[in-house]
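Asker: The file below is structure.cif, mmCIF, C-alpha atoms and all ligand atoms:
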data_coords
loop_
_atom_site.label_atom_id
_atom_site.label_comp_id
_atom_site.auth_asym_id
_atom_site.auth_seq_id
_atom_site.Cartn_x
_atom_site.Cartn_y
_atom_site.Cartn_z
CA MET A 1 0.00 0.00 0.00
CA SER A 2 1.29 3.40 -0.86
CA VAL A 3 0.44 6.94 -1.69
CA ARG A 4 0.98 7.55 -5.39
CA PRO A 5 1.80 10.83 -7.12
CA LEU A 6 -1.21 12.55 -8.68
CA CYS A 7 -1.55 13.36 -12.37
CA CYS A 8 -2.97 16.78 -13.08
CA ASP A 9 -4.67 18.39 -16.02
CA PRO A 10 -3.41 18.43 -18.83
CA HIS A 11 -1.90 14.95 -18.25
CA PRO A 12 -2.93 12.73 -21.22
CA THR A 13 -4.10 9.81 -19.05
CA LEU A 14 -6.82 12.08 -17.65
CA ARG A 15 -8.17 12.60 -21.16
CA ALA A 16 -8.29 8.98 -22.30
CA LYS A 17 -11.19 6.59 -21.79
CA ALA A 18 -10.14 4.03 -19.18
CA HIS A 19 -9.84 0.39 -20.24
CA ARG A 20 -12.10 -2.24 -18.75
CA VAL A 21 -10.44 -4.53 -16.23
CA ALA A 22 -10.31 -8.06 -17.63
CA SER A 23 -8.34 -9.90 -14.93
CA PHE A 24 -9.01 -9.56 -11.24
CA THR A 25 -5.49 -10.05 -9.96
CA ASP A 26 -3.68 -9.14 -6.73
CA ALA A 27 -2.30 -6.14 -8.60
CA LEU A 28 -5.84 -4.81 -9.02
CA GLY A 29 -6.44 -5.11 -5.27
CA ALA A 30 -3.14 -3.32 -4.63
CA LEU A 31 -4.13 -0.51 -7.02
CA ALA A 32 -7.47 -0.08 -5.21
CA ARG A 33 -5.68 0.12 -1.85
CA ASP A 34 -3.23 2.66 -3.27
CA LEU A 35 -6.16 4.73 -4.54
CA VAL A 36 -7.70 4.72 -1.06
CA ASP A 37 -4.38 5.70 0.56
CA THR A 38 -3.77 8.43 -2.02
CA MET A 39 -7.32 9.77 -1.64
CA TYR A 40 -6.93 10.09 2.14
CA ALA A 41 -3.41 11.51 1.90
CA ASN A 42 -4.81 14.35 -0.22
CA ASP A 43 -8.01 14.88 1.79
CA GLY A 44 -10.09 13.69 -1.15
CA ILE A 45 -13.52 12.08 -1.13
CA GLY A 46 -13.00 10.16 -4.36
CA LEU A 47 -10.18 9.14 -6.67
CA ALA A 48 -10.09 7.38 -10.04
CA ALA A 49 -7.23 5.25 -11.39
CA PRO A 50 -6.39 7.67 -14.26
CA GLN A 51 -5.56 10.28 -11.60
CA VAL A 52 -2.56 8.17 -10.60
CA GLY A 53 -1.64 7.44 -14.23
CA GLU A 54 -3.39 4.07 -14.55
CA GLY A 55 -5.80 4.01 -17.48
CA VAL A 56 -8.11 1.34 -16.08
CA ALA A 57 -11.74 1.51 -15.01
CA VAL A 58 -11.42 1.61 -11.23
CA PHE A 59 -12.37 4.28 -8.72
CA VAL A 60 -12.78 4.69 -5.00
CA ALA A 61 -15.09 7.05 -3.12
CA ASN A 62 -15.88 7.92 0.46
CA PRO A 63 -17.77 11.18 1.04
CA SER A 64 -17.90 10.47 4.79
CA GLN A 65 -14.06 10.26 4.94
CA GLU A 66 -14.59 7.66 7.67
CA ARG A 67 -11.99 4.90 7.38
CA GLY A 68 -13.40 1.54 6.39
CA ARG A 69 -16.39 3.00 4.53
CA GLU A 70 -14.68 3.26 1.15
CA ILE A 71 -16.58 2.30 -1.98
CA VAL A 72 -14.42 0.56 -4.58
CA VAL A 73 -15.89 0.06 -8.05
CA VAL A 74 -14.37 -1.70 -11.06
CA ASN A 75 -15.83 -1.48 -14.61
CA PRO A 76 -18.79 0.70 -13.63
CA SER A 77 -21.77 1.61 -15.74
CA MET A 78 -23.95 4.45 -14.55
CA GLU A 79 -27.52 5.48 -15.03
CA THR A 80 -28.87 8.81 -13.84
CA THR A 81 -32.27 8.27 -12.28
CA GLY A 82 -33.56 11.80 -11.87
CA GLY A 83 -33.41 15.09 -10.07
CA ARG A 84 -31.00 17.98 -10.35
CA ALA A 85 -28.23 18.97 -8.00
CA VAL A 86 -25.77 21.85 -8.18
CA ILE A 87 -22.80 21.90 -5.83
CA VAL A 88 -19.34 23.41 -5.80
CA GLU A 89 -16.84 20.79 -6.94
CA GLY A 90 -13.09 20.56 -6.97
CA CYS A 91 -10.72 17.86 -8.16
CA LEU A 92 -7.31 16.68 -6.98
CA SER A 93 -6.23 16.69 -10.64
CA VAL A 94 -7.33 20.31 -11.20
CA PRO A 95 -5.66 22.17 -8.32
CA ASN A 96 -6.94 25.50 -7.03
CA VAL A 97 -10.18 25.39 -9.03
CA TRP A 98 -13.68 25.12 -7.58
CA ALA A 99 -16.88 25.66 -9.48
CA ARG A 100 -20.60 24.98 -9.35
CA VAL A 101 -21.48 21.94 -11.44
CA ARG A 102 -24.97 20.78 -12.39
CA ARG A 103 -25.53 17.03 -12.16
CA ALA A 104 -28.26 14.45 -11.61
CA ALA A 105 -29.41 14.11 -8.02
CA HIS A 106 -29.95 10.33 -8.12
CA VAL A 107 -27.87 7.64 -9.80
CA ARG A 108 -27.69 3.88 -10.07
CA LEU A 109 -24.29 2.34 -10.56
CA ARG A 110 -23.43 -1.21 -11.51
CA GLY A 111 -19.95 -2.66 -11.59
CA GLN A 112 -17.68 -5.16 -9.90
CA ASP A 113 -15.52 -5.33 -6.81
CA THR A 114 -11.80 -6.14 -6.98
CA SER A 115 -12.61 -9.87 -6.97
CA GLY A 116 -14.95 -9.54 -9.94
CA ARG A 117 -18.15 -9.93 -7.91
CA PRO A 118 -21.07 -7.77 -9.06
CA VAL A 119 -21.70 -4.53 -7.19
CA GLU A 120 -24.82 -2.40 -7.50
CA LEU A 121 -25.66 0.75 -5.63
CA THR A 122 -28.13 3.57 -5.78
CA ALA A 123 -27.12 6.93 -4.39
CA ASP A 124 -28.30 10.45 -3.79
CA GLY A 125 -26.84 13.45 -1.95
CA LEU A 126 -23.09 13.95 -1.98
CA LEU A 127 -22.40 10.30 -2.83
CA ALA A 128 -24.36 10.63 -6.08
CA ILE A 129 -22.25 13.66 -7.02
CA VAL A 130 -18.97 11.94 -6.18
CA LEU A 131 -19.92 8.83 -8.15
CA GLN A 132 -20.72 10.96 -11.22
CA HIS A 133 -17.47 12.92 -10.85
CA GLU A 134 -15.38 9.73 -10.58
CA TYR A 135 -17.31 8.00 -13.37
CA ASP A 136 -16.51 11.02 -15.59
CA HIS A 137 -12.80 10.47 -14.91
CA LEU A 138 -13.10 6.98 -16.42
CA GLN A 139 -14.58 8.54 -19.58
CA GLY A 140 -11.66 10.99 -19.83
CA ARG A 141 -13.84 13.89 -18.63
CA LEU A 142 -13.06 16.48 -15.95
CA PHE A 143 -15.59 18.52 -13.99
CA ILE A 144 -14.40 21.71 -15.70
CA ASP A 145 -15.65 20.27 -19.02
CA ARG A 146 -19.19 20.64 -17.67
CA LEU A 147 -18.87 24.41 -17.20
CA SER A 148 -19.78 27.20 -19.61
CA TRP A 149 -17.10 28.36 -22.06
CA LEU A 150 -16.85 31.67 -20.20
CA LYS A 151 -16.21 29.94 -16.89
CA ARG A 152 -13.66 27.66 -18.53
CA LEU A 153 -11.89 30.70 -19.99
CA GLN A 154 -11.78 32.38 -16.57
CA ILE A 155 -10.31 29.21 -15.08
CA ARG A 156 -7.69 28.93 -17.81
CA LEU A 157 -6.55 32.52 -17.23
CA ARG A 158 -6.45 32.00 -13.47
CA ARG A 159 -4.41 28.82 -13.85
CA LEU A 160 -1.90 30.61 -16.10
CA ARG A 161 -1.40 33.12 -13.31
CA LEU A 162 -1.00 30.36 -10.73
CA ARG A 163 1.29 28.17 -12.81
CA SER A 164 4.47 29.05 -10.97
CA ARG A 165 2.87 28.78 -7.56
CA PRO A 166 4.80 26.41 -5.30
CA GLY A 167 3.27 23.63 -3.28
CA GLU A 168 1.14 21.92 -5.92
CA ARG A 169 0.97 18.22 -5.34
CA CYS A 170 0.78 17.19 -8.96
CA THR A 171 3.26 15.45 -11.22
ZN ZN B 1 -11.61 14.52 -9.89
#
Written as structure tokens, how would this file's structure read?

Answerer:
Amino acid sequence: MSVRPLCCDPHPTLRAKAHRVASFTDALGALARDLVDTMYANDGIGLAAPQVGEGVAVFVANPSQERGREIVVVNPSMETTGGRAVIVEGCLSVPNVWARVRRAAHVRLRGQDTSGRPVELTADGLLAIVLQHEYDHLQGRLFIDRLSWLKRLQIRLRRLRLRSRPGERCT
């Protein structure tokens, strides 16, 4: 188990669709544990494998940040099941940016655990938002892609100004 370095936008792995996991090996379990460790080390509430440079369809989430309550999902498919929610989001791969994002309020997610057993969950509240955010990572999408062009332009200009700022945790 270890904390891995984070990839940040514009890292190419963040922009590629993640590959489905075909073999449920010990290495997959180790990756999931590393994702959990890396999420906690960075005060995150979710983390997807592409964020540590692994282009495979795995993410972890834990909006409660309570140890032992992590959700680990492999090869997810997601269905939005209604409602609207708008909350301020951030992302460990897009440092120093927070913005209001509109998403579905309810989702149903199907996938597998790290042993290949089926997993199904329905979610609302913050968990539904986190699941959609992490699922987007596996499609090569970042939360900033869901903003208006004007907001994206403002963010790009702000990030240019912040580029030389020390202390960013990204590789
Ligand atoms: Zn993210």

Asker: Report as a PyMOL selection string which protein, DNA and RNA residues come within 10 Å of ligand ZN 1 (chain B), using only C-alpha atoms and all ligand atoms.

Answerer: chain A and resi 8+14+44-48+50-51+89-95+130+132-137+141-144

Asker: Go ahead and save the picked residues with C-alpha atoms, as a compact mmCIF listing (two decimals), in the coordinates of the input.

Answerer:
# COMPACT_ATOMS: atom_id res chain seq x y z
CA CYS A 8 -2.97 16.78 -13.08
CA LEU A 14 -6.82 12.08 -17.65
CA GLY A 44 -10.09 13.69 -1.15
CA ILE A 45 -13.52 12.08 -1.13
CA GLY A 46 -13.00 10.16 -4.36
CA LEU A 47 -10.18 9.14 -6.67
CA ALA A 48 -10.09 7.38 -10.04
CA PRO A 50 -6.39 7.67 -14.26
CA GLN A 51 -5.56 10.28 -11.60
CA GLU A 89 -16.84 20.79 -6.94
CA GLY A 90 -13.09 20.56 -6.97
CA CYS A 91 -10.72 17.86 -8.16
CA LEU A 92 -7.31 16.68 -6.98
CA SER A 93 -6.23 16.69 -10.64
CA VAL A 94 -7.33 20.31 -11.20
CA PRO A 95 -5.66 22.17 -8.32
CA VAL A 130 -18.97 11.94 -6.18
CA GLN A 132 -20.72 10.96 -11.22
CA HIS A 133 -17.47 12.92 -10.85
CA GLU A 134 -15.38 9.73 -10.58
CA TYR A 135 -17.31 8.00 -13.37
CA ASP A 136 -16.51 11.02 -15.59
CA HIS A 137 -12.80 10.47 -14.91
CA ARG A 141 -13.84 13.89 -18.63
CA LEU A 142 -13.06 16.48 -15.95
CA PHE A 143 -15.59 18.52 -13.99
CA ILE A 144 -14.40 21.71 -15.70

Asker: Hey, can you check how far CA of Glu79 in chain A sits from CA of Gln112 in chain A?

Answerer: 15.4 Å

Asker: Applying 10 Å and only C-alpha atoms, which residues near range 119-129 of chain A remain after dropping the ones on its own chain fewer than 4 positions away? List them as number ranges by chain.

Answerer: A: 45-46, 61-64, 71-83, 85-87, 89, 101-113, 133-135

Asker: Using C-alpha atoms, can you export the residues from the last selection as an mmCIF file, in the frame of the given file?

Answerer:
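And here's out-v8.cif as it stands now:
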data_model
loop_
_atom_site.group_PDB
_atom_site.id
_atom_site.type_symbol
_atom_site.label_atom_id
_atom_site.label_comp_id
_atom_site.auth_asym_id
_atom_site.auth_seq_id
_atom_site.Cartn_x
_atom_site.Cartn_y
_atom_site.Cartn_z
ATOM 1 C CA ILE A 45 -13.520 12.080 -1.130
ATOM 2 C CA GLY A 46 -13.000 10.160 -4.360
ATOM 3 C CA ALA A 61 -15.090 7.050 -3.120
ATOM 4 C CA ASN A 62 -15.880 7.920 0.460
ATOM 5 C CA PRO A 63 -17.770 11.180 1.040
ATOM 6 C CA SER A 64 -17.900 10.470 4.790
ATOM 7 C CA ILE A 71 -16.580 2.300 -1.980
ATOM 8 C CA VAL A 72 -14.420 0.560 -4.580
ATOM 9 C CA VAL A 73 -15.890 0.060 -8.050
ATOM 10 C CA VAL A 74 -14.370 -1.700 -11.060
ATOM 11 C CA ASN A 75 -15.830 -1.480 -14.610
ATOM 12 C CA PRO A 76 -18.790 0.700 -13.630
ATOM 13 C CA SER A 77 -21.770 1.610 -15.740
ATOM 14 C CA MET A 78 -23.950 4.450 -14.550
ATOM 15 C CA GLU A 79 -27.520 5.480 -15.030
ATOM 16 C CA THR A 80 -28.870 8.810 -13.840
ATOM 17 C CA THR A 81 -32.270 8.270 -12.280
ATOM 18 C CA GLY A 82 -33.560 11.800 -11.870
ATOM 19 C CA GLY A 83 -33.410 15.090 -10.070
ATOM 20 C CA ALA A 85 -28.230 18.970 -8.000
ATOM 21 C CA VAL A 86 -25.770 21.850 -8.180
ATOM 22 C CA ILE A 87 -22.800 21.900 -5.830
ATOM 23 C CA GLU A 89 -16.840 20.790 -6.940
ATOM 24 C CA VAL A 101 -21.480 21.940 -11.440
ATOM 25 C CA ARG A 102 -24.970 20.780 -12.390
ATOM 26 C CA ARG A 103 -25.530 17.030 -12.160
ATOM 27 C CA ALA A 104 -28.260 14.450 -11.610
ATOM 28 C CA ALA A 105 -29.410 14.110 -8.020
ATOM 29 C CA HIS A 106 -29.950 10.330 -8.120
ATOM 30 C CA VAL A 107 -27.870 7.640 -9.800
ATOM 31 C CA ARG A 108 -27.690 3.880 -10.070
ATOM 32 C CA LEU A 109 -24.290 2.340 -10.560
ATOM 33 C CA ARG A 110 -23.430 -1.210 -11.510
ATOM 34 C CA GLY A 111 -19.950 -2.660 -11.590
ATOM 35 C CA GLN A 112 -17.680 -5.160 -9.900
ATOM 36 C CA ASP A 113 -15.520 -5.330 -6.810
ATOM 37 C CA HIS A 133 -17.470 12.920 -10.850
ATOM 38 C CA GLU A 134 -15.380 9.730 -10.580
ATOM 39 C CA TYR A 135 -17.310 8.000 -13.370
#

Asker: Quote the spacing between CA of Ser115 in chain A and CA of Arg69 in chain A in Å to one decimal place.

Answerer: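 It comes out at 17.7 Å.
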
Asker: Can you measure CA of Val88 in chain A to CA of Ala49 in chain A for me? One decimal in Å is fine.

Answerer: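 Atom-to-atom, CA of Val88 in chain A and CA of Ala49 in chain A are spaced 22.5 Å apart.
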
Asker: Which residue gives the smallest distance to Leu35 in chain A among A:Val58, A:Val21, A:Leu162, A:Leu138, with only C-alpha atoms counted?

Answerer: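 Comparing A:Val58, A:Val21, A:Leu162, A:Leu138 against Leu35 in chain A, the winner is A:Val58.
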
Asker: Output as AutoDock Vina command-line options the centre and edge lengths (Å, one decimal) of the box along x, y and z of the file that holds every listed atom of range 4-11 of chain A after adding 3 Å on each side.

Answerer:
--center_x -1.4 --center_y 13.0 --center_z -12.1 --size_x 12.5 --size_y 16.9 --size_z 19.4

Asker: Name the residues, using the chain letters and numbers of the file, that sit within 6 Å of (1.6, 12.2, -8.2) when counting all atoms listed in the file, and give them as number ranges by chain.

Answerer: A: 4-7, 170-171

Asker: Please write as an MDAnalysis selection string the list of polymer residues whose atoms come within 6 Å of (-9.7, 7.0, -20.6), counting all atoms listed in the file and keeping to the coordinates of the file.

Answerer: chainID A and resid 15:18 55 138:140

Asker: So, with only C-alpha atoms as the atoms that count, which of A:Leu31, A:Thr114, A:Ala99, A:Phe59 lies closest to Leu131 in chain A?

Answerer: A:Phe59

Asker: Of the candidates A:Asp9, A:Asp26, A:Asp37, A:Asp145, which shows the shortest atom-to-atom distance to Glu70 in chain A, using only C-alpha atoms?

Answerer: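 Among the listed residues, A:Asp37 lies closest to Glu70 in chain A.
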
Asker: Give the answer as one residue: which of A:Gln65, A:Arg117, A:Leu150, A:Pro12 has the shortest atom-to-atom distance to Ala41 in chain A, using only C-alpha atoms?

Answerer: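 Checking each of A:Gln65, A:Arg117, A:Leu150, A:Pro12 against Ala41 in chain A, counting only C-alpha atoms, the winner is A:Gln65.
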
Asker: Here is a test: counting only C-alpha atoms, which residue of A:Ser148, A:Val97, A:Thr25, A:Ala32 is nearest to Glu54 in chain A?

Answerer: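 Closest to Glu54 in chain A of all the choices is A:Ala32.
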
Asker: Find the residue from A:Val36, A:Ala27, A:Leu147, A:Val56 that sits nearest to Thr13 in chain A; use only C-alpha atoms when measuring.

Answerer: A:Val56

Asker: Fix up range 122-141 of chain A with N, CA, C and O atoms, then write it as a tab-separated table (two decimals), in the coordinates of the input.

Answerer:
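part16.tsv, written as the output of this step:
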chain	number	residue	atom	x	y	z
A	122	THR	N	-27.40	2.37	-5.42
A	122	THR	CA	-28.13	3.57	-5.78
A	122	THR	C	-27.68	4.64	-4.79
A	122	THR	O	-27.36	4.34	-3.64
A	123	ALA	N	-27.64	5.88	-5.26
A	123	ALA	CA	-27.12	6.93	-4.39
A	123	ALA	C	-27.83	8.24	-4.66
A	123	ALA	O	-28.30	8.50	-5.77
A	124	ASP	N	-27.90	9.05	-3.62
A	124	ASP	CA	-28.30	10.45	-3.79
A	124	ASP	C	-27.38	11.29	-2.90
A	124	ASP	O	-26.41	10.77	-2.36
A	125	GLY	N	-27.68	12.58	-2.77
A	125	GLY	CA	-26.84	13.45	-1.95
A	125	GLY	C	-25.42	13.53	-2.48
A	125	GLY	O	-25.17	13.34	-3.68
A	126	LEU	N	-24.49	13.76	-1.58
A	126	LEU	CA	-23.09	13.95	-1.98
A	126	LEU	C	-22.52	12.71	-2.66
A	126	LEU	O	-21.72	12.82	-3.60
A	127	LEU	N	-22.94	11.52	-2.20
A	127	LEU	CA	-22.40	10.30	-2.83
A	127	LEU	C	-22.74	10.25	-4.31
A	127	LEU	O	-21.91	9.88	-5.14
A	128	ALA	N	-23.97	10.64	-4.67
A	128	ALA	CA	-24.36	10.63	-6.08
A	128	ALA	C	-23.47	11.55	-6.90
A	128	ALA	O	-23.08	11.23	-8.03
A	129	ILE	N	-23.12	12.70	-6.32
A	129	ILE	CA	-22.25	13.66	-7.02
A	129	ILE	C	-20.84	13.07	-7.20
A	129	ILE	O	-20.26	13.13	-8.27
A	130	VAL	N	-20.33	12.49	-6.12
A	130	VAL	CA	-18.97	11.94	-6.18
A	130	VAL	C	-18.91	10.79	-7.19
A	130	VAL	O	-17.96	10.70	-7.98
A	131	LEU	N	-19.92	9.95	-7.20
A	131	LEU	CA	-19.92	8.83	-8.15
A	131	LEU	C	-19.92	9.34	-9.60
A	131	LEU	O	-19.20	8.82	-10.45
A	132	GLN	N	-20.69	10.40	-9.86
A	132	GLN	CA	-20.72	10.96	-11.22
A	132	GLN	C	-19.38	11.59	-11.58
A	132	GLN	O	-18.90	11.46	-12.71
A	133	HIS	N	-18.78	12.28	-10.62
A	133	HIS	CA	-17.47	12.92	-10.85
A	133	HIS	C	-16.41	11.85	-11.17
A	133	HIS	O	-15.64	11.99	-12.14
A	134	GLU	N	-16.40	10.77	-10.37
A	134	GLU	CA	-15.38	9.73	-10.58
A	134	GLU	C	-15.66	8.95	-11.86
A	134	GLU	O	-14.73	8.58	-12.59
A	135	TYR	N	-16.94	8.70	-12.13
A	135	TYR	CA	-17.31	8.00	-13.37
A	135	TYR	C	-16.84	8.82	-14.58
A	135	TYR	O	-16.32	8.26	-15.55
A	136	ASP	N	-17.00	10.13	-14.52
A	136	ASP	CA	-16.51	11.02	-15.59
A	136	ASP	C	-15.02	10.82	-15.82
A	136	ASP	O	-14.56	10.80	-16.97
A	137	HIS	N	-14.25	10.68	-14.74
A	137	HIS	CA	-12.80	10.47	-14.91
A	137	HIS	C	-12.52	9.25	-15.79
A	137	HIS	O	-11.58	9.25	-16.58
A	138	LEU	N	-13.33	8.21	-15.64
A	138	LEU	CA	-13.10	6.98	-16.42
A	138	LEU	C	-13.48	7.16	-17.89
A	138	LEU	O	-13.09	6.37	-18.73
A	139	GLN	N	-14.25	8.22	-18.18
A	139	GLN	CA	-14.58	8.54	-19.58
A	139	GLN	C	-13.60	9.55	-20.15
A	139	GLN	O	-13.77	10.02	-21.29
A	140	GLY	N	-12.61	9.98	-19.37
A	140	GLY	CA	-11.66	10.99	-19.83
A	140	GLY	C	-12.20	12.40	-19.70
A	140	GLY	O	-11.73	13.32	-20.38
A	141	ARG	N	-13.20	12.58	-18.80
A	141	ARG	CA	-13.84	13.89	-18.63
A	141	ARG	C	-13.51	14.47	-17.26
A	141	ARG	O	-13.49	13.73	-16.26
